[in-house]
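J.: Okay, so here is protein32.tsv, and as you'll see once you scroll down, it has TSV, C-alpha atoms.
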```tsv
chain	number	residue	atom	x	y	z
A	1	PHE	CA	-2.61	-5.55	-10.49
A	2	ASN	CA	-2.94	-7.76	-13.54
A	3	PRO	CA	-6.74	-8.25	-13.77
A	4	ALA	CA	-7.32	-4.51	-13.61
A	5	PHE	CA	-4.64	-3.72	-16.21
A	6	GLU	CA	-6.24	-6.29	-18.48
A	7	ALA	CA	-9.69	-4.76	-18.06
A	8	ALA	CA	-8.54	-1.16	-18.46
A	9	THR	CA	-6.43	-1.75	-21.57
A	10	GLU	CA	-9.18	-3.89	-23.08
A	11	ALA	CA	-11.60	-0.99	-22.61
A	12	LEU	CA	-9.26	1.22	-24.65
A	13	GLY	CA	-8.56	-1.45	-27.26
A	14	TRP	CA	-4.87	-1.41	-26.37
A	15	ASN	CA	-2.41	-4.31	-26.35
A	16	LEU	CA	-1.00	-5.32	-22.97
A	17	GLU	CA	2.23	-7.15	-22.17
A	18	ILE	CA	2.77	-8.28	-18.57
A	19	ILE	CA	6.40	-8.91	-17.65
A	20	SER	CA	7.53	-10.45	-14.36
A	21	VAL	CA	10.01	-8.29	-12.46
A	22	ALA	CA	12.72	-9.28	-10.00
A	23	SER	CA	12.21	-7.03	-6.98
A	24	PHE	CA	15.79	-5.81	-6.65
A	25	GLU	CA	16.87	-6.30	-10.27
A	26	PRO	CA	14.08	-4.90	-12.47
A	27	GLY	CA	16.38	-3.61	-15.22
A	28	ALA	CA	16.08	-6.65	-17.48
A	29	ALA	CA	12.29	-6.41	-17.49
A	30	PHE	CA	12.50	-2.74	-18.51
A	31	LEU	CA	14.77	-3.58	-21.43
A	32	GLN	CA	12.43	-6.40	-22.43
A	33	ALA	CA	9.53	-3.93	-22.51
A	34	LEU	CA	11.52	-1.59	-24.75
A	35	ASP	CA	12.49	-4.48	-27.04
A	36	LEU	CA	8.80	-5.34	-27.37
A	37	GLY	CA	8.12	-1.80	-28.60
A	38	ALA	CA	6.11	-0.60	-25.62
A	39	ASP	CA	4.57	2.87	-25.90
A	40	HIS	CA	4.16	3.20	-22.11
A	41	ILE	CA	5.62	1.31	-19.14
A	42	ALA	CA	3.99	0.90	-15.72
A	43	ILE	CA	5.80	-0.37	-12.64
A	44	THR	CA	4.97	-0.26	-8.94
A	45	GLY	CA	6.94	0.00	-5.71
A	46	THR	CA	10.31	0.29	-7.46
A	47	PRO	CA	12.77	3.09	-6.61
A	48	PRO	CA	13.82	4.74	-9.90
A	49	ALA	CA	17.47	4.51	-8.82
A	50	LEU	CA	17.29	0.76	-9.50
A	51	VAL	CA	16.47	1.40	-13.17
A	52	ALA	CA	18.03	4.80	-13.80
A	53	ASP	CA	19.80	3.77	-17.01
A	54	GLN	CA	16.73	1.97	-18.33
A	55	ILE	CA	14.47	4.97	-17.59
A	56	GLU	CA	16.92	7.16	-19.51
A	57	ALA	CA	16.83	4.70	-22.42
A	58	ALA	CA	13.03	4.79	-22.32
A	59	LYS	CA	13.11	8.59	-22.38
A	60	GLU	CA	15.33	8.57	-25.45
A	61	ALA	CA	12.84	6.19	-27.09
A	62	GLY	CA	9.89	8.44	-26.20
A	63	VAL	CA	8.45	5.91	-23.74
A	64	GLY	CA	7.06	7.36	-20.50
A	65	ILE	CA	7.03	5.69	-17.08
A	66	TYR	CA	3.90	5.46	-14.90
A	67	MET	CA	4.34	4.47	-11.26
A	68	CYS	CA	2.50	3.79	-8.03
A	69	TYR	CA	3.49	2.99	-4.44
A	70	GLU	CA	6.78	4.89	-4.46
A	71	THR	CA	7.89	8.32	-3.23
A	72	THR	CA	9.54	9.94	-6.27
A	73	ASP	CA	7.68	13.00	-7.55
A	74	PRO	CA	6.82	12.76	-11.24
A	75	ASP	CA	8.66	15.20	-13.51
A	76	PRO	CA	8.49	14.01	-17.13
A	77	GLU	CA	11.08	16.45	-18.43
A	78	VAL	CA	13.64	15.50	-15.78
A	79	ASN	CA	13.01	11.90	-14.67
A	80	ASN	CA	10.60	10.65	-17.39
A	81	ILE	CA	8.05	9.69	-14.71
A	82	PHE	CA	4.61	10.90	-15.77
A	83	MET	CA	2.62	9.94	-12.68
A	84	GLN	CA	2.98	8.55	-9.17
A	85	CYS	CA	-0.10	7.29	-7.38
A	86	SER	CA	-0.15	6.43	-3.68
A	87	ASP	CA	2.99	8.38	-2.99
A	88	GLU	CA	4.53	9.48	0.32
A	89	ALA	CA	1.45	11.56	1.20
A	90	SER	CA	-0.75	8.49	0.77
A	91	VAL	CA	1.30	6.45	3.23
A	92	PHE	CA	1.24	9.35	5.72
A	93	ASN	CA	-2.55	9.34	5.33
A	94	ALA	CA	-2.73	5.56	5.86
A	95	GLY	CA	-0.94	5.98	9.19
A	96	GLN	CA	-3.40	8.69	10.20
A	97	VAL	CA	-6.43	6.62	9.20
A	98	LEU	CA	-5.38	3.60	11.22
A	99	SER	CA	-4.37	5.69	14.24
A	100	ASN	CA	-7.58	7.70	14.27
A	101	LYS	CA	-9.51	4.42	14.21
A	102	ILE	CA	-7.49	3.17	17.20
A	103	ILE	CA	-8.21	6.44	19.01
A	104	VAL	CA	-11.94	5.97	18.50
A	105	GLU	CA	-11.97	2.28	19.42
A	106	SER	CA	-9.91	2.88	22.58
A	107	GLY	CA	-11.96	5.83	23.75
A	108	GLY	CA	-8.87	8.01	23.59
A	109	THR	CA	-6.76	5.92	25.97
A	110	ALA	CA	-4.66	3.70	23.66
A	111	ASN	CA	-1.05	2.85	24.46
A	112	VAL	CA	0.21	1.92	21.01
A	113	LEU	CA	3.30	0.06	19.84
A	114	MET	CA	3.96	0.45	16.10
A	115	VAL	CA	6.01	-2.42	14.67
A	116	ASN	CA	7.95	-0.88	11.81
A	117	ILE	CA	10.97	-1.09	9.52
A	118	PRO	CA	12.10	2.55	9.38
A	119	ASP	CA	14.81	1.78	6.82
A	120	PHE	CA	12.07	2.31	4.21
A	121	PRO	CA	11.19	6.00	3.65
A	122	VAL	CA	7.51	5.17	3.01
A	123	LEU	CA	7.28	3.49	6.41
A	124	VAL	CA	8.83	6.54	8.07
A	125	SER	CA	6.02	8.54	6.47
A	126	GLU	CA	3.46	6.10	7.88
A	127	ARG	CA	4.95	6.50	11.35
A	128	GLU	CA	4.89	10.29	11.02
A	129	GLY	CA	1.23	10.18	9.95
A	130	SER	CA	0.39	8.04	12.97
A	131	GLN	CA	2.29	10.29	15.34
A	132	ALA	CA	0.52	13.35	13.89
A	133	ALA	CA	-2.88	11.74	14.55
A	134	TYR	CA	-2.09	11.04	18.20
A	135	ASP	CA	-0.54	14.49	18.71
A	136	GLU	CA	-3.63	16.18	17.30
A	137	ASN	CA	-6.45	13.97	18.49
A	138	CYS	CA	-5.44	11.93	21.53
A	139	PRO	CA	-3.66	13.61	24.46
A	140	GLY	CA	-4.49	10.53	26.54
A	141	CYS	CA	-2.72	8.12	24.17
A	142	THR	CA	0.90	7.03	24.03
A	143	PHE	CA	2.68	6.02	20.84
A	144	SER	CA	6.04	4.30	20.47
A	145	GLU	CA	7.87	2.48	17.70
A	146	LEU	CA	9.45	-0.96	17.74
A	147	ALA	CA	12.04	-0.55	14.98
A	148	VAL	CA	13.03	-3.87	13.43
A	149	THR	CA	15.14	-4.69	10.40
A	150	LEU	CA	14.48	-6.46	7.13
A	151	ASP	CA	16.87	-9.20	8.26
A	152	GLN	CA	14.75	-9.74	11.38
A	153	LEU	CA	11.64	-9.98	9.20
A	154	PHE	CA	13.21	-12.57	6.88
A	155	ALA	CA	14.51	-14.56	9.86
A	156	GLY	CA	11.06	-14.68	11.49
A	157	ASP	CA	12.25	-12.75	14.54
A	158	VAL	CA	9.62	-10.01	14.57
A	159	PRO	CA	7.00	-11.85	16.72
A	160	GLY	CA	9.59	-12.54	19.41
A	161	ALA	CA	10.69	-8.90	19.40
A	162	ILE	CA	7.08	-7.85	19.95
A	163	VAL	CA	6.72	-10.21	22.91
A	164	SER	CA	9.87	-8.77	24.46
A	165	ALA	CA	8.56	-5.23	23.99
A	166	LEU	CA	5.23	-6.10	25.60
A	167	GLN	CA	6.94	-7.75	28.55
A	168	ALA	CA	9.12	-4.66	29.02
A	169	ASP	CA	6.14	-2.29	28.95
A	170	PRO	CA	2.96	-3.74	30.49
A	171	ASP	CA	0.95	-0.61	29.58
A	172	ILE	CA	0.95	-1.35	25.83
A	173	ASP	CA	-2.54	-2.44	24.79
A	174	TRP	CA	-2.55	-1.87	21.01
A	175	ILE	CA	-0.17	-3.11	18.31
A	176	HIS	CA	0.04	-1.31	14.96
A	177	ILE	CA	1.58	-3.47	12.21
A	178	ALA	CA	3.15	-1.24	9.55
A	179	PHE	CA	2.46	-3.50	6.56
A	180	ASP	CA	1.11	-6.91	5.67
A	181	ALA	CA	4.31	-8.95	5.39
A	182	MET	CA	5.10	-8.24	9.04
A	183	SER	CA	1.97	-10.04	10.25
A	184	THR	CA	3.33	-13.59	9.86
A	185	GLY	CA	3.35	-15.45	13.16
A	186	ILE	CA	2.42	-12.50	15.36
A	187	LEU	CA	-0.98	-13.67	16.59
A	188	ASP	CA	0.13	-17.23	17.32
A	189	THR	CA	3.24	-16.04	19.16
A	190	LEU	CA	1.22	-13.60	21.25
A	191	GLU	CA	-1.25	-16.36	22.06
A	192	GLU	CA	1.53	-18.75	23.10
A	193	ALA	CA	2.92	-16.03	25.38
A	194	ASP	CA	-0.54	-15.43	26.95
A	195	LEU	CA	-0.48	-11.85	25.63
A	196	LEU	CA	-3.17	-11.89	22.95
A	197	ASP	CA	-5.95	-11.20	25.44
A	198	ARG	CA	-4.06	-8.15	26.69
A	199	VAL	CA	-3.51	-6.37	23.37
A	200	LYS	CA	-5.54	-5.53	20.31
A	201	VAL	CA	-3.84	-5.82	16.94
A	202	ALA	CA	-4.45	-3.80	13.77
A	203	GLY	CA	-2.47	-3.17	10.60
A	204	VAL	CA	-2.02	-1.19	7.40
A	205	ASP	CA	-2.59	-2.60	3.90
A	206	LEU	CA	-3.82	-6.13	4.50
A	207	ASP	CA	-2.73	-9.33	2.83
A	208	PRO	CA	-5.50	-11.87	2.05
A	209	SER	CA	-3.95	-14.21	4.62
A	210	VAL	CA	-5.18	-11.99	7.49
A	211	LEU	CA	-8.84	-12.16	6.46
A	212	PRO	CA	-9.65	-15.41	8.38
A	213	ASP	CA	-8.31	-13.83	11.57
A	214	ILE	CA	-10.49	-10.75	11.04
A	215	ILE	CA	-13.45	-13.09	10.60
A	216	ASP	CA	-12.51	-14.91	13.83
A	217	GLY	CA	-12.03	-11.65	15.74
A	218	ARG	CA	-8.32	-12.12	16.40
A	219	TYR	CA	-7.45	-8.95	14.50
A	220	GLU	CA	-9.40	-5.79	15.30
A	221	PHE	CA	-9.12	-4.35	11.80
A	222	TRP	CA	-6.82	-3.72	8.83
A	223	THR	CA	-6.77	-0.98	6.25
A	224	THR	CA	-6.66	-1.84	2.57
A	225	ASN	CA	-6.01	0.24	-0.52
A	226	PRO	CA	-7.47	-0.19	-4.00
A	227	ILE	CA	-4.75	-1.82	-6.10
A	228	TRP	CA	-7.15	-2.43	-9.00
A	229	TYR	CA	-8.20	1.23	-8.95
A	230	ALA	CA	-4.51	2.19	-8.95
A	231	SER	CA	-4.04	0.10	-12.10
A	232	TRP	CA	-6.82	2.01	-13.84
A	233	LEU	CA	-5.22	5.27	-12.70
A	234	MET	CA	-1.93	4.30	-14.35
A	235	VAL	CA	-3.71	3.42	-17.59
A	236	ASP	CA	-5.62	6.71	-17.34
A	237	GLY	CA	-2.27	8.50	-17.11
A	238	MET	CA	-1.13	6.77	-20.28
A	239	ALA	CA	-4.40	7.65	-22.03
A	240	ARG	CA	-4.04	11.32	-21.11
A	241	THR	CA	-0.44	11.43	-22.30
A	242	SER	CA	-1.37	9.72	-25.57
A	243	VAL	CA	-3.68	12.64	-26.46
A	244	GLY	CA	-1.28	15.34	-25.31
A	245	GLN	CA	-2.76	16.02	-21.87
A	246	ASP	CA	-0.88	16.44	-18.62
A	247	VAL	CA	-1.49	13.94	-15.82
A	248	PRO	CA	-2.88	15.70	-12.71
A	249	GLN	CA	-0.84	14.41	-9.78
A	250	GLU	CA	-2.97	15.96	-7.05
A	251	ASP	CA	-5.96	13.68	-7.66
A	252	ARG	CA	-3.97	10.43	-7.48
A	253	ALA	CA	-1.34	11.07	-4.83
A	254	VAL	CA	-3.57	9.84	-1.98
A	255	LEU	CA	-5.67	6.78	-2.77
A	256	PRO	CA	-8.94	5.94	-1.00
A	257	THR	CA	-8.54	3.75	2.08
A	258	PHE	CA	-11.04	1.17	3.30
A	259	ILE	CA	-11.07	-0.23	6.85
A	260	VAL	CA	-11.91	-3.94	7.09
A	261	GLU	CA	-13.25	-4.60	10.57
A	262	THR	CA	-16.25	-6.96	10.38
A	263	PRO	CA	-16.50	-10.64	9.44
A	264	GLU	CA	-18.88	-9.69	6.65
A	265	GLN	CA	-16.41	-7.24	5.12
A	266	ALA	CA	-13.58	-9.76	5.35
A	267	GLN	CA	-15.71	-12.50	3.79
A	268	ALA	CA	-16.62	-10.18	0.90
A	269	LEU	CA	-12.92	-9.50	0.23
A	270	GLN	CA	-12.24	-13.23	0.10
A	271	GLU	CA	-14.47	-13.29	-2.97
A	272	THR	CA	-12.21	-10.75	-4.74
A	273	ALA	CA	-8.89	-12.50	-3.94
A	274	GLY	CA	-8.45	-10.28	-0.91
A	275	GLU	CA	-8.50	-7.06	-2.90
A	276	TRP	CA	-10.78	-4.10	-2.34
A	277	PRO	CA	-11.26	-3.05	-5.97
A	278	GLY	CA	-11.95	0.61	-5.23
A	279	PRO	CA	-14.84	3.07	-5.09
A	280	GLU	CA	-18.02	1.61	-6.50
A	281	GLY	CA	-18.51	2.23	-10.21
A	282	TYR	CA	-15.02	3.57	-10.90
A	283	GLU	CA	-14.53	1.42	-14.03
A	284	ASP	CA	-17.61	2.88	-15.71
A	285	GLN	CA	-16.51	6.39	-14.77
A	286	PHE	CA	-13.12	5.85	-16.39
A	287	LYS	CA	-14.76	4.44	-19.53
A	288	ALA	CA	-17.07	7.44	-19.72
A	289	LEU	CA	-14.10	9.79	-19.30
A	290	TRP	CA	-12.25	8.00	-22.09
A	291	GLY	CA	-15.32	8.03	-24.35
A	292	VAL	CA	-15.50	4.25	-24.61
A	293	GLY	CA	-18.38	3.55	-22.18
```
Please render this file's structure as structure tokens.
T.:
Amino acid sequence: FNPAFEAATEALGWNLEIISVASFEPGAAFLQALDLGADHIAITGTPPALVADQIEAAKEAGVGIYMCYETTDPDPEVNNIFMQCSDEASVFNAGQVLSNKIIVESGGTANVLMVNIPDFPVLVSEREGSQAAYDENCPGCTFSELAVTLDQLFAGDVPGAIVSALQADPDIDWIHIAFDAMSTGILDTLEEADLLDRVKVAGVDLDPSVLPDIIDGRYEFWTTNPIWYASWLMVDGMARTSVGQDVPQEDRAVLPTFIVETPEQAQALQETAGEWPGPEGYEDQFKALWGVG
């Protein structure tokens, strides 16, 4: 996120402070932002319940919160959250996009295993989006979920669980990885088990580490979302609020999604640190909107 926040705030002539946040203990960073005299605070992927007291303190200080990649609906008067980009609807859409691509690539015959951690509400939404795509568009497909836990992910047990699932059901020929952190070790483990030639593997929201395997043809494709564009959206929300405008939620709930499927596309993303910046020319459009272009 940082390069885009730097560029967007520089375009407005604003001062930017970037504070590192502990994933499950973000409260101290919030208080640090308030101590620094922040006018607006942006944070991503953090359930508001983890910082409820700090958000209330920010509200009392007149400091609004701007979020992305979380499911809480913005309601400035109630929860002091002024915007939420890439919310639950966006994750539902990501599941649909990937599943519709699998439907096309399989000719409508895919037997799909989604590897997921359903303890996270956003990943339940992704599963529901995928299921909706198969229900609507692929009567010849099957779709099932391999539900694993966060403890299994941290212990490195997910690849072995996938192998067991494939051995139990020889009809599975596609694997859907719910998010990037789950990809570690999967391809090598499938190869060692002589299963990689049997299945095709795709995933949602790539990590740069998967790009070499897209280039080599080991992954079929991954979706990616525009994190840099999301940063500009959060700054745009702040800019609107600063001049007394409301922030329209409907045009930022679902972010654009890009499918990376060719070596050329993957190589291009390697040149931008693995990030798809967003729709072409979006920075200039924001600057024009703000009257600074």
J.: From the list A:Val199, A:Ile81, A:Val104, A:Leu113, which residue is nearest A:Lys59 when using all atoms listed in the file?
T.: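 Closest candidate: A:Ile81.
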J.: Any idea what's packed within 9 Å of stretch 280-289 of chain A, counting all atoms listed in the file, ignoring anything in its chain fewer than 6 positions away? Could you give it as a PyMOL selection string?
T.: chain A and resi 7-8+11-12+229+232-233+236
J.: Stretch 31-130 of chain A near stretch 150-174 of chain A within 10 Å: what's each residue's closest atom pair and its distance in Å to one decimal, counting all atoms listed in the file, ordered by chain then ascending residue number, as a Markdown table?
T.:
```
| residue | atom | partner | partner_atom | distance |
| --- | --- | --- | --- | --- |
| A:Ile102 | CA | A:Trp174 | CA | 8.0 |
| A:Ser106 | CA | A:Trp174 | CA | 8.9 |
| A:Thr109 | CA | A:Asp173 | CA | 9.4 |
| A:Ala110 | CA | A:Trp174 | CA | 6.5 |
| A:Asn111 | CA | A:Ile172 | CA | 4.8 |
| A:Val112 | CA | A:Trp174 | CA | 4.7 |
| A:Leu113 | CA | A:Trp174 | CA | 6.3 |
| A:Met114 | CA | A:Trp174 | CA | 8.5 |
| A:Val115 | CA | A:Ile162 | CA | 7.6 |
| A:Asn116 | CA | A:Val158 | CA | 9.7 |
| A:Ile117 | CA | A:Leu150 | CA | 6.8 |
| A:Pro118 | CA | A:Leu150 | CA | 9.6 |
| A:Asp119 | CA | A:Leu150 | CA | 8.3 |
| A:Phe120 | CA | A:Leu150 | CA | 9.6 |
```
J.: List the neighbours of A:Ile55 out to 10 Å using all atoms listed in the file; skip same-chain residues closer than 3 positions along the sequence, and give me the result as a VMD selection string.
T.: chain A and resid 27 30 to 31 41 48 to 52 58 to 61 63 to 65 79 to 81
J.: Between A:Glu70, A:Glu271, A:Asp35, A:Asp87, which one has atoms that come closest to A:Pro208, using only C-alpha atoms?
T.: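 Using only C-alpha atoms, the shortest distance to A:Pro208 belongs to A:Glu271.
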J.: Point out the residue among A:Asp251, A:Asp246, A:Asp207, A:Glu126 with the least atom-to-atom distance to A:Thr224, counting all atoms listed in the file.
T.: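 Under the stated criterion, the closest residue is A:Asp207.
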J.: At most 12 Å from (8.0, 3.8, 13.1), file frame, all atoms listed in the file: which residues, as a PDB file with C-alpha atoms, in the frame of the given file?
T.:
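result_16.pdb, written as the output of this step:
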```pdb
ATOM      1  CA  PHE A  92       1.240   9.350   5.720  1.00  0.00           C
ATOM      2  CA  GLY A  95      -0.940   5.980   9.190  1.00  0.00           C
ATOM      3  CA  VAL A 112       0.210   1.920  21.010  1.00  0.00           C
ATOM      4  CA  LEU A 113       3.300   0.060  19.840  1.00  0.00           C
ATOM      5  CA  MET A 114       3.960   0.450  16.100  1.00  0.00           C
ATOM      6  CA  VAL A 115       6.010  -2.420  14.670  1.00  0.00           C
ATOM      7  CA  ASN A 116       7.950  -0.880  11.810  1.00  0.00           C
ATOM      8  CA  ILE A 117      10.970  -1.090   9.520  1.00  0.00           C
ATOM      9  CA  PRO A 118      12.100   2.550   9.380  1.00  0.00           C
ATOM     10  CA  ASP A 119      14.810   1.780   6.820  1.00  0.00           C
ATOM     11  CA  PHE A 120      12.070   2.310   4.210  1.00  0.00           C
ATOM     12  CA  PRO A 121      11.190   6.000   3.650  1.00  0.00           C
ATOM     13  CA  VAL A 122       7.510   5.170   3.010  1.00  0.00           C
ATOM     14  CA  LEU A 123       7.280   3.490   6.410  1.00  0.00           C
ATOM     15  CA  VAL A 124       8.830   6.540   8.070  1.00  0.00           C
ATOM     16  CA  SER A 125       6.020   8.540   6.470  1.00  0.00           C
ATOM     17  CA  GLU A 126       3.460   6.100   7.880  1.00  0.00           C
ATOM     18  CA  ARG A 127       4.950   6.500  11.350  1.00  0.00           C
ATOM     19  CA  GLU A 128       4.890  10.290  11.020  1.00  0.00           C
ATOM     20  CA  GLY A 129       1.230  10.180   9.950  1.00  0.00           C
ATOM     21  CA  SER A 130       0.390   8.040  12.970  1.00  0.00           C
ATOM     22  CA  GLN A 131       2.290  10.290  15.340  1.00  0.00           C
ATOM     23  CA  PHE A 143       2.680   6.020  20.840  1.00  0.00           C
ATOM     24  CA  SER A 144       6.040   4.300  20.470  1.00  0.00           C
ATOM     25  CA  GLU A 145       7.870   2.480  17.700  1.00  0.00           C
ATOM     26  CA  LEU A 146       9.450  -0.960  17.740  1.00  0.00           C
ATOM     27  CA  ALA A 147      12.040  -0.550  14.980  1.00  0.00           C
ATOM     28  CA  VAL A 148      13.030  -3.870  13.430  1.00  0.00           C
ATOM     29  CA  THR A 149      15.140  -4.690  10.400  1.00  0.00           C
ATOM     30  CA  ILE A 175      -0.170  -3.110  18.310  1.00  0.00           C
ATOM     31  CA  HIS A 176       0.040  -1.310  14.960  1.00  0.00           C
ATOM     32  CA  ILE A 177       1.580  -3.470  12.210  1.00  0.00           C
ATOM     33  CA  ALA A 178       3.150  -1.240   9.550  1.00  0.00           C
ATOM     34  CA  PHE A 179       2.460  -3.500   6.560  1.00  0.00           C
TER      35      PHE A 179
END
```
J.: If I take atom CA of A:Gly107 and atom CA of A:Val260, how far is one from the other in Å, to one decimal?
T.: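 Result for atom CA of A:Gly107 versus atom CA of A:Val260: 19.3 Å, one decimal.
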J.: When you look at A:Arg252 with a cut-off of 12 Å (counting all atoms listed in the file), what residues show up, excluding the ones that are within fewer than 6 positions of it in the same chain? I need them as a list in words.
T.: Tyr66, Met67, Cys68, Tyr69, Asp73, Pro74, Phe82, Met83, Gln84, Cys85, Ser86, Asp87, Glu88, Ala89, Ser90, Pro226, Tyr229, Ala230, Ser231, Trp232, Leu233, Met234, Asp236 and Gly237 of chain A
J.: Export C-alpha atoms of the chosen residues as a short mmCIF file (atom, residue, chain, number, x, y, z; two decimals), in the coordinates of the input?
T.:
```cif
data_model
loop_
_atom_site.label_atom_id
_atom_site.label_comp_id
_atom_site.auth_asym_id
_atom_site.auth_seq_id
_atom_site.Cartn_x
_atom_site.Cartn_y
_atom_site.Cartn_z
CA TYR A 66 3.90 5.46 -14.90
CA MET A 67 4.34 4.47 -11.26
CA CYS A 68 2.50 3.79 -8.03
CA TYR A 69 3.49 2.99 -4.44
CA ASP A 73 7.68 13.00 -7.55
CA PRO A 74 6.82 12.76 -11.24
CA PHE A 82 4.61 10.90 -15.77
CA MET A 83 2.62 9.94 -12.68
CA GLN A 84 2.98 8.55 -9.17
CA CYS A 85 -0.10 7.29 -7.38
CA SER A 86 -0.15 6.43 -3.68
CA ASP A 87 2.99 8.38 -2.99
CA GLU A 88 4.53 9.48 0.32
CA ALA A 89 1.45 11.56 1.20
CA SER A 90 -0.75 8.49 0.77
CA PRO A 226 -7.47 -0.19 -4.00
CA TYR A 229 -8.20 1.23 -8.95
CA ALA A 230 -4.51 2.19 -8.95
CA SER A 231 -4.04 0.10 -12.10
CA TRP A 232 -6.82 2.01 -13.84
CA LEU A 233 -5.22 5.27 -12.70
CA MET A 234 -1.93 4.30 -14.35
CA ASP A 236 -5.62 6.71 -17.34
CA GLY A 237 -2.27 8.50 -17.11
#
```
J.: Give me, please, the distance in Å between atom CA of A:Gly274 and atom CA of A:Ser20, quoted to one decimal.
T.: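 Going from atom CA of A:Gly274 over to atom CA of A:Ser20 covers 20.9 Å.
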J.: What does the distance between atom CA of A:Ala38 and atom CA of A:Asp75 come to in Å, to one decimal place?
T.: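 Calculated distance between atom CA of A:Ala38 and atom CA of A:Asp75 is 20.1 Å.
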J.: Which of these residues is nearest to A:Phe5, using all atoms listed in the file: A:Ile43, A:Pro26, A:Asp216, A:Gly291?
T.: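 Smallest distance to A:Phe5 is found for A:Ile43.
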